[in-house]
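Source file: upload-v9.csv (CSV, C-alpha atoms and all ligand atoms)
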chain,number,residue,atom,x,y,z
V,1,MET,CA,-16.8,-13.2,-10.3
V,2,PRO,CA,-14.9,-16.3,-8.9
V,3,ASP,CA,-14.6,-16.6,-5.2
V,4,PHE,CA,-11.0,-16.8,-4.1
V,5,PRO,CA,-9.9,-18.1,-0.7
V,6,PRO,CA,-8.8,-15.3,1.6
V,7,PRO,CA,-5.0,-14.9,2.0
V,8,ASP,CA,-3.3,-15.6,5.3
V,9,LEU,CA,-2.0,-12.4,6.9
V,10,ALA,CA,1.2,-12.5,9.0
V,11,PRO,CA,3.5,-10.0,10.6
V,12,ILE,CA,6.7,-9.2,8.8
V,13,LEU,CA,9.8,-10.5,10.7
V,14,PRO,CA,13.4,-9.5,10.3
V,15,GLU,CA,14.2,-12.6,8.3
V,16,ASP,CA,11.4,-11.6,5.8
V,17,VAL,CA,13.1,-8.3,4.9
V,18,PRO,CA,15.1,-9.4,1.8
V,19,ALA,CA,12.0,-11.2,0.4
V,20,ILE,CA,9.8,-8.1,1.0
V,21,ALA,CA,12.4,-5.8,-0.8
V,22,ALA,CA,12.5,-8.2,-3.7
V,23,LEU,CA,8.7,-8.4,-3.9
V,24,ALA,CA,8.5,-4.6,-3.8
V,25,ARG,CA,10.8,-4.5,-6.9
V,26,ARG,CA,8.8,-7.1,-8.7
V,27,ILE,CA,5.6,-5.2,-8.2
V,28,TRP,CA,7.0,-1.8,-8.8
V,29,GLU,CA,8.5,-2.7,-12.1
V,30,ASP,CA,5.2,-4.2,-13.3
V,31,ALA,CA,3.1,-1.3,-12.0
V,32,TYR,CA,5.2,1.8,-12.5
V,33,SER,CA,7.5,1.2,-15.5
V,34,SER,CA,5.0,2.9,-17.7
V,35,LEU,CA,4.0,5.6,-15.2
V,36,LEU,CA,7.3,7.0,-13.9
V,37,PRO,CA,10.3,8.4,-15.7
V,38,PRO,CA,13.5,6.2,-16.1
V,39,GLY,CA,15.4,6.1,-12.9
V,40,GLN,CA,12.6,7.0,-10.5
V,41,ILE,CA,11.7,3.4,-9.6
V,42,ASP,CA,15.4,2.7,-8.6
V,43,TYR,CA,15.5,6.0,-6.7
V,44,MET,CA,12.3,5.4,-4.7
V,45,LEU,CA,13.0,1.7,-4.0
V,46,ALA,CA,16.5,2.7,-2.6
V,47,GLN,CA,14.8,5.3,-0.4
V,48,ARG,CA,12.0,3.0,0.8
V,49,TYR,CA,13.2,-0.6,0.7
V,50,ASP,CA,16.9,-0.4,1.8
V,51,HIS,CA,17.3,-3.5,4.1
V,52,ASP,CA,18.4,-1.5,7.2
V,53,ARG,CA,15.5,1.0,6.8
V,54,LEU,CA,13.0,-1.9,6.4
V,55,LEU,CA,14.4,-3.5,9.5
V,56,ALA,CA,14.0,-0.3,11.5
V,57,GLU,CA,10.5,0.2,10.2
V,58,ILE,CA,9.2,-3.3,11.0
V,59,GLY,CA,10.4,-2.7,14.5
V,60,ASN,CA,8.7,0.6,14.9
V,61,PRO,CA,5.5,0.2,17.0
V,62,GLN,CA,4.0,3.2,15.2
V,63,LYS,CA,4.0,1.4,11.8
V,64,TRP,CA,1.8,-1.6,11.1
V,65,TRP,CA,3.5,-3.9,8.5
V,66,VAL,CA,1.7,-7.0,7.3
V,67,GLN,CA,2.3,-9.6,4.6
V,68,ALA,CA,-0.2,-11.8,2.7
V,69,PHE,CA,0.3,-15.4,1.8
V,70,LEU,CA,-1.5,-17.8,-0.6
V,71,GLY,CA,-0.2,-21.0,0.8
V,72,ASP,CA,3.5,-20.7,0.7
V,73,PHE,CA,3.5,-17.9,-1.9
V,74,ARG,CA,4.2,-14.4,-0.5
V,75,ALA,CA,1.6,-12.6,-2.5
V,76,GLY,CA,1.6,-9.0,-1.1
V,77,PHE,CA,2.2,-6.7,1.8
V,78,ALA,CA,1.0,-3.4,3.3
V,79,CYS,CA,2.1,-0.8,5.8
V,80,SER,CA,0.0,1.7,7.7
V,81,GLU,CA,1.1,4.5,10.0
V,82,ILE,CA,-0.1,7.5,11.9
V,83,GLN,CA,0.7,10.7,10.1
V,84,ALA,CA,0.5,14.4,11.2
V,85,GLY,CA,-2.3,16.1,9.2
V,86,GLU,CA,-3.3,19.8,9.0
V,87,SER,CA,-6.1,19.2,11.5
V,88,GLY,CA,-4.6,16.5,13.6
V,89,PRO,CA,-3.2,13.0,13.2
V,90,GLU,CA,-4.5,10.7,10.5
V,91,PHE,CA,-4.2,7.0,9.9
V,92,LYS,CA,-2.5,6.4,6.5
V,93,LEU,CA,-2.2,3.3,4.4
V,94,ASP,CA,1.3,4.0,3.3
V,95,LYS,CA,2.0,0.9,1.2
V,96,LEU,CA,-0.3,-1.6,-0.5
V,97,TYR,CA,1.3,-4.1,-2.9
V,98,VAL,CA,0.1,-7.3,-4.5
V,99,HIS,CA,2.2,-9.6,-6.7
V,100,PRO,CA,1.1,-9.2,-10.4
V,101,GLU,CA,0.3,-13.0,-10.5
V,102,ALA,CA,-1.9,-12.7,-7.5
V,103,GLN,CA,-3.8,-9.6,-8.3
V,104,ARG,CA,-7.6,-9.5,-8.5
V,105,ARG,CA,-8.1,-12.3,-6.0
V,106,GLY,CA,-9.1,-10.1,-3.1
V,107,ILE,CA,-5.7,-9.8,-1.5
V,108,GLY,CA,-5.7,-6.0,-1.8
V,109,ARG,CA,-9.2,-5.9,-0.3
V,110,ALA,CA,-8.0,-8.2,2.6
V,111,LEU,CA,-5.0,-5.9,3.3
V,112,VAL,CA,-7.2,-2.8,3.3
V,113,ALA,CA,-9.7,-4.5,5.6
V,114,HIS,CA,-6.8,-5.2,8.0
V,115,ALA,CA,-5.7,-1.6,7.8
V,116,VAL,CA,-9.3,-0.4,8.6
V,117,GLU,CA,-9.4,-2.7,11.6
V,118,THR,CA,-6.1,-1.4,12.8
V,119,ALA,CA,-7.2,2.2,12.3
V,120,LYS,CA,-10.4,1.6,14.3
V,121,GLU,CA,-8.3,0.0,17.1
V,122,GLN,CA,-6.2,3.1,17.2
V,123,GLY,CA,-9.3,5.3,17.5
V,124,PHE,CA,-9.5,6.6,13.9
V,125,ASP,CA,-12.7,6.9,11.8
V,126,ARG,CA,-11.0,7.1,8.4
V,127,LEU,CA,-8.1,5.7,6.4
V,128,ILE,CA,-6.2,7.9,4.0
V,129,LEU,CA,-3.7,7.1,1.2
V,130,ALA,CA,-1.8,8.7,-1.7
V,131,VAL,CA,-2.0,7.2,-5.1
V,132,ASN,CA,-0.3,8.2,-8.4
V,133,LYS,CA,-2.9,10.0,-10.6
V,134,GLN,CA,-2.1,7.7,-13.6
V,135,ASN,CA,-2.3,4.5,-11.6
V,136,THR,CA,-5.7,3.4,-13.0
V,137,ARG,CA,-5.5,-0.2,-11.6
V,138,ALA,CA,-5.1,1.1,-8.1
V,139,LEU,CA,-7.7,3.9,-8.6
V,140,GLN,CA,-10.2,1.4,-9.7
V,141,ALA,CA,-9.4,-0.9,-6.7
V,142,TYR,CA,-9.7,2.0,-4.2
V,143,ALA,CA,-13.0,3.1,-5.7
V,144,ARG,CA,-14.2,-0.5,-5.2
V,145,TYR,CA,-13.0,-0.4,-1.6
V,146,GLY,CA,-15.0,2.7,-0.9
V,147,PHE,CA,-12.3,5.4,-1.0
V,148,THR,CA,-13.1,8.9,-2.4
V,149,ARG,CA,-10.8,11.5,-3.7
V,150,ARG,CA,-10.0,14.3,-1.2
V,151,ALA,CA,-7.1,16.3,-2.7
V,152,SER,CA,-4.5,16.5,-5.4
V,153,THR,CA,-0.8,16.9,-4.5
V,154,VAL,CA,2.6,17.2,-6.2
V,155,THR,CA,5.5,16.4,-3.9
V,156,ASP,CA,9.1,17.0,-4.6
V,157,ILE,CA,11.0,13.8,-3.5
V,158,GLY,CA,14.5,15.0,-4.6
V,159,GLY,CA,16.6,13.7,-7.4
V,160,GLY,CA,14.6,15.7,-9.9
V,161,TYR,CA,11.6,13.6,-9.3
V,162,VAL,CA,8.0,14.3,-8.0
V,163,MET,CA,5.1,12.3,-6.8
V,164,ASP,CA,1.9,13.4,-8.6
V,165,ASP,CA,-0.8,12.0,-6.4
V,166,TYR,CA,-4.4,12.0,-5.3
V,167,ILE,CA,-5.1,11.8,-1.6
V,168,MET,CA,-8.0,9.5,-1.0
V,169,GLU,CA,-9.9,8.6,2.1
V,170,LYS,CA,-12.3,6.0,3.3
V,171,ARG,CA,-14.5,6.8,6.2
V,172,PHE,CA,-16.0,4.1,8.4
V,173,GLY,CA,-18.2,4.3,11.4
V,174,CYS,CA,-21.2,2.4,10.3
V,175,GLY,CA,-19.6,-1.1,10.4
V,176,ASN,CA,-18.2,-0.7,6.9
V,177,GLN,CA,-15.4,-3.3,6.2
V,178,GLY,CA,-12.4,-3.2,3.9
V,201,LIG,C1,-4.0,-1.9,-6.5
V,201,LIG,C2,-3.8,-3.4,-5.9
V,201,LIG,C3,-3.2,-3.3,-4.5
V,201,LIG,C4,-5.1,-4.0,-5.9
V,201,LIG,O1,-5.0,-5.3,-5.3
V,201,LIG,P1,-5.7,-6.6,-5.8
V,201,LIG,O2,-5.5,-7.7,-4.8
V,201,LIG,O3,-5.3,-6.8,-7.2
V,201,LIG,O4,-7.2,-6.1,-5.8
V,201,LIG,P2,-8.5,-6.9,-5.4
V,201,LIG,O5,-8.5,-8.3,-5.8
V,201,LIG,O6,-8.8,-6.6,-4.0
V,201,LIG,O7,-9.5,-6.2,-6.4
V,201,LIG,C5,-10.4,-5.1,-6.0
V,201,LIG,C6,-11.0,-4.4,-7.2
V,201,LIG,O8,-10.0,-3.6,-7.7
V,201,LIG,C7,-10.3,-3.5,-9.1
V,201,LIG,N1,-9.1,-4.0,-9.8
V,201,LIG,C8,-8.0,-4.7,-9.3
V,201,LIG,N2,-7.1,-4.9,-10.2
V,201,LIG,C9,-7.6,-4.4,-11.4
V,201,LIG,C10,-7.1,-4.3,-12.7
V,201,LIG,N3,-5.9,-4.9,-13.0
V,201,LIG,N4,-7.8,-3.7,-13.6
V,201,LIG,C11,-9.0,-3.1,-13.3
V,201,LIG,N5,-9.5,-3.1,-12.1
V,201,LIG,C12,-8.8,-3.8,-11.1
V,201,LIG,C13,-11.4,-4.3,-9.5
V,201,LIG,O9,-12.6,-3.5,-9.5
V,201,LIG,C14,-11.5,-5.3,-8.3
V,201,LIG,O10,-12.7,-5.8,-8.0
V,201,LIG,P3,-13.3,-7.0,-9.0
V,201,LIG,O11,-12.3,-8.0,-9.2
V,201,LIG,O12,-14.4,-7.5,-8.1
V,201,LIG,O13,-13.8,-6.3,-10.2
V,201,LIG,C15,-2.9,-4.2,-6.9
V,201,LIG,O14,-3.4,-4.1,-8.2
V,201,LIG,C16,-1.4,-3.8,-6.9
V,201,LIG,O15,-0.6,-4.2,-6.0
V,201,LIG,N6,-1.1,-3.0,-7.9
V,201,LIG,C17,0.3,-2.6,-8.1
V,201,LIG,C18,0.9,-1.7,-7.0
V,201,LIG,C19,0.0,-0.5,-6.7
V,201,LIG,O16,-0.3,0.2,-7.6
V,201,LIG,N7,-0.3,-0.3,-5.4
V,201,LIG,C20,-1.0,0.8,-4.9
V,201,LIG,C21,-0.1,1.9,-4.6
V,201,LIG,S1,-1.0,3.3,-4.1

Just give me the structure as structure tokens.
Amino acid sequence: MPDFPPPDLAPILPEDVPAIAALARRIWEDAYSSLLPPGQIDYMLAQRYDHDRLLAEIGNPQKWWVQAFLGDFRAGFACSEIQAGESGPEFKLDKLYVHPEAQRRGIGRALVAHAVETAKEQGFDRLILAVNKQNTRALQAYARYGFTRRASTVTDIGGGYVMDDYIMEKRFGCGNQG
């Protein structure tokens, strides 16, 4: 396997919001066109990547947004947050997206490692996430990163759409990284 240089990670600033929204659309269309029914990508992007909403989110101290660069190329981003769980709060990797032309170079791994470090700093011993059951690319990556499947969920998101996901978790506590 070729060794790629690690990406540079940087916070997401207000002036980055349009580029992050555009990057999300680029990645979603590549990743989800064959997985989601027509209309669901536009519906979900409008919910999640509206510029005002993104601006509010990057200013929220309870959400950890980070972007990854290869040189000047904005190659991906991630967002983590603390979420209420059935048995207490959990640290969730809520977004993990890498540009199709920059995938399989370790950027996803670097963003997950960053989320793990943030989770540890916040006092958590595991990272959880939700992934579409048909998203084999992401499922393979998560398995490589050390996530295991914990549950299966179907969530009504309105508009006649559902999210059909696995909940996965990665435990750390023995110095395991990313
Ligand atoms: C899932 C995703 C974040 C992985 O990021 P990445 O930077 O490409 O992954 P990495 O370079 O860290 O690869 C880690 C491992 O994942 C697996 N993997 C990554 N892309 C893969 C692909 N296209 N096909 C098969 N396995 C793949 C490989 O096992 C890889 O390790 P290897 O290259 O040593 O074999 C990226 O593919 C992506 O953004 N996909 C589209 C959006 C998405 O589905 N996000 C997740 C939402 S829950």

Query raised in the report: Could you name the residues that touch region 89-97 of chain V at 7 Å or less, counting all atoms listed in the file, but leaving out those on the same chain fewer than 5 positions away, as number ranges by chain?
Result: V: 27, 76-84, 115, 119, 124, 126-129

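One finds CA of Pro100 (chain V) at 10.0 Å from CA of Glu29 (chain V).
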
Sorted by chain and rising residue number, list the residues of chain V at most 8 Å from ligand LIG 201 (chain V) (counting all atoms listed in the file), each with its closest atom pair and distance in Å to one decimal, as a Markdown table.
| residue | atom | partner | partner_atom | distance |
| --- | --- | --- | --- | --- |
| V:Met1 | CA | V:LIG201 | O12 | 6.6 |
| V:Ile27 | CA | V:LIG201 | C17 | 5.9 |
| V:Trp28 | CA | V:LIG201 | C18 | 6.4 |
| V:Asp30 | CA | V:LIG201 | C17 | 7.3 |
| V:Ala31 | CA | V:LIG201 | C17 | 5.0 |
| V:Tyr32 | CA | V:LIG201 | O16 | 7.5 |
| V:Gly76 | CA | V:LIG201 | O15 | 7.2 |
| V:Asp94 | CA | V:LIG201 | S1 | 7.8 |
| V:Lys95 | CA | V:LIG201 | C21 | 6.2 |
| V:Leu96 | CA | V:LIG201 | C20 | 5.1 |
| V:Tyr97 | CA | V:LIG201 | O15 | 3.6 |
| V:Val98 | CA | V:LIG201 | O15 | 3.5 |
| V:His99 | CA | V:LIG201 | O15 | 6.1 |
| V:Pro100 | CA | V:LIG201 | O15 | 6.9 |
| V:Ala102 | CA | V:LIG201 | O2 | 6.7 |
| V:Gln103 | CA | V:LIG201 | O3 | 3.4 |
| V:Arg104 | CA | V:LIG201 | O5 | 3.1 |
| V:Arg105 | CA | V:LIG201 | O5 | 4.0 |
| V:Gly106 | CA | V:LIG201 | O5 | 3.3 |
| V:Ile107 | CA | V:LIG201 | O2 | 3.9 |
| V:Gly108 | CA | V:LIG201 | O2 | 3.5 |
| V:Arg109 | CA | V:LIG201 | O6 | 3.8 |
| V:Ala110 | CA | V:LIG201 | O6 | 6.8 |
| V:Leu129 | CA | V:LIG201 | S1 | 7.1 |
| V:Ala130 | CA | V:LIG201 | S1 | 6.0 |
| V:Val131 | CA | V:LIG201 | S1 | 4.1 |
| V:Asn132 | CA | V:LIG201 | S1 | 6.6 |
| V:Asn135 | CA | V:LIG201 | O16 | 6.2 |
| V:Thr136 | CA | V:LIG201 | C11 | 7.3 |
| V:Arg137 | CA | V:LIG201 | C10 | 4.5 |
| V:Ala138 | CA | V:LIG201 | C1 | 3.6 |
| V:Leu139 | CA | V:LIG201 | C1 | 7.2 |
| V:Gln140 | CA | V:LIG201 | C7 | 4.9 |
| V:Ala141 | CA | V:LIG201 | O8 | 2.9 |
| V:Tyr142 | CA | V:LIG201 | O8 | 6.6 |
| V:Ala143 | CA | V:LIG201 | O8 | 7.6 |
| V:Arg144 | CA | V:LIG201 | C6 | 5.4 |
| V:Tyr145 | CA | V:LIG201 | C5 | 6.9 |

Report task. Select, from V:Leu9, V:Val154, V:Leu36, V:Leu55, the residue with the minimum atom-to-atom distance to Ala21 (chain V), counting all atoms listed in the file. Result -> V:Leu55

Requested in this report: Just the residues within 10 Å of region 39-44 of chain V, please, counting only C-alpha atoms, with nothing from its chain fewer than 5 positions along; format it as a list in words.
Outcome: Arg25, Trp28, Glu29, Tyr32, Ser33, Tyr49, Asp50, Ile157, Gly158, Gly159, Gly160, Tyr161, Val162 and Met163 of chain V

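Of note, CA of His114 (chain V) and CA of Phe69 (chain V) are spaced 13.9 Å apart.
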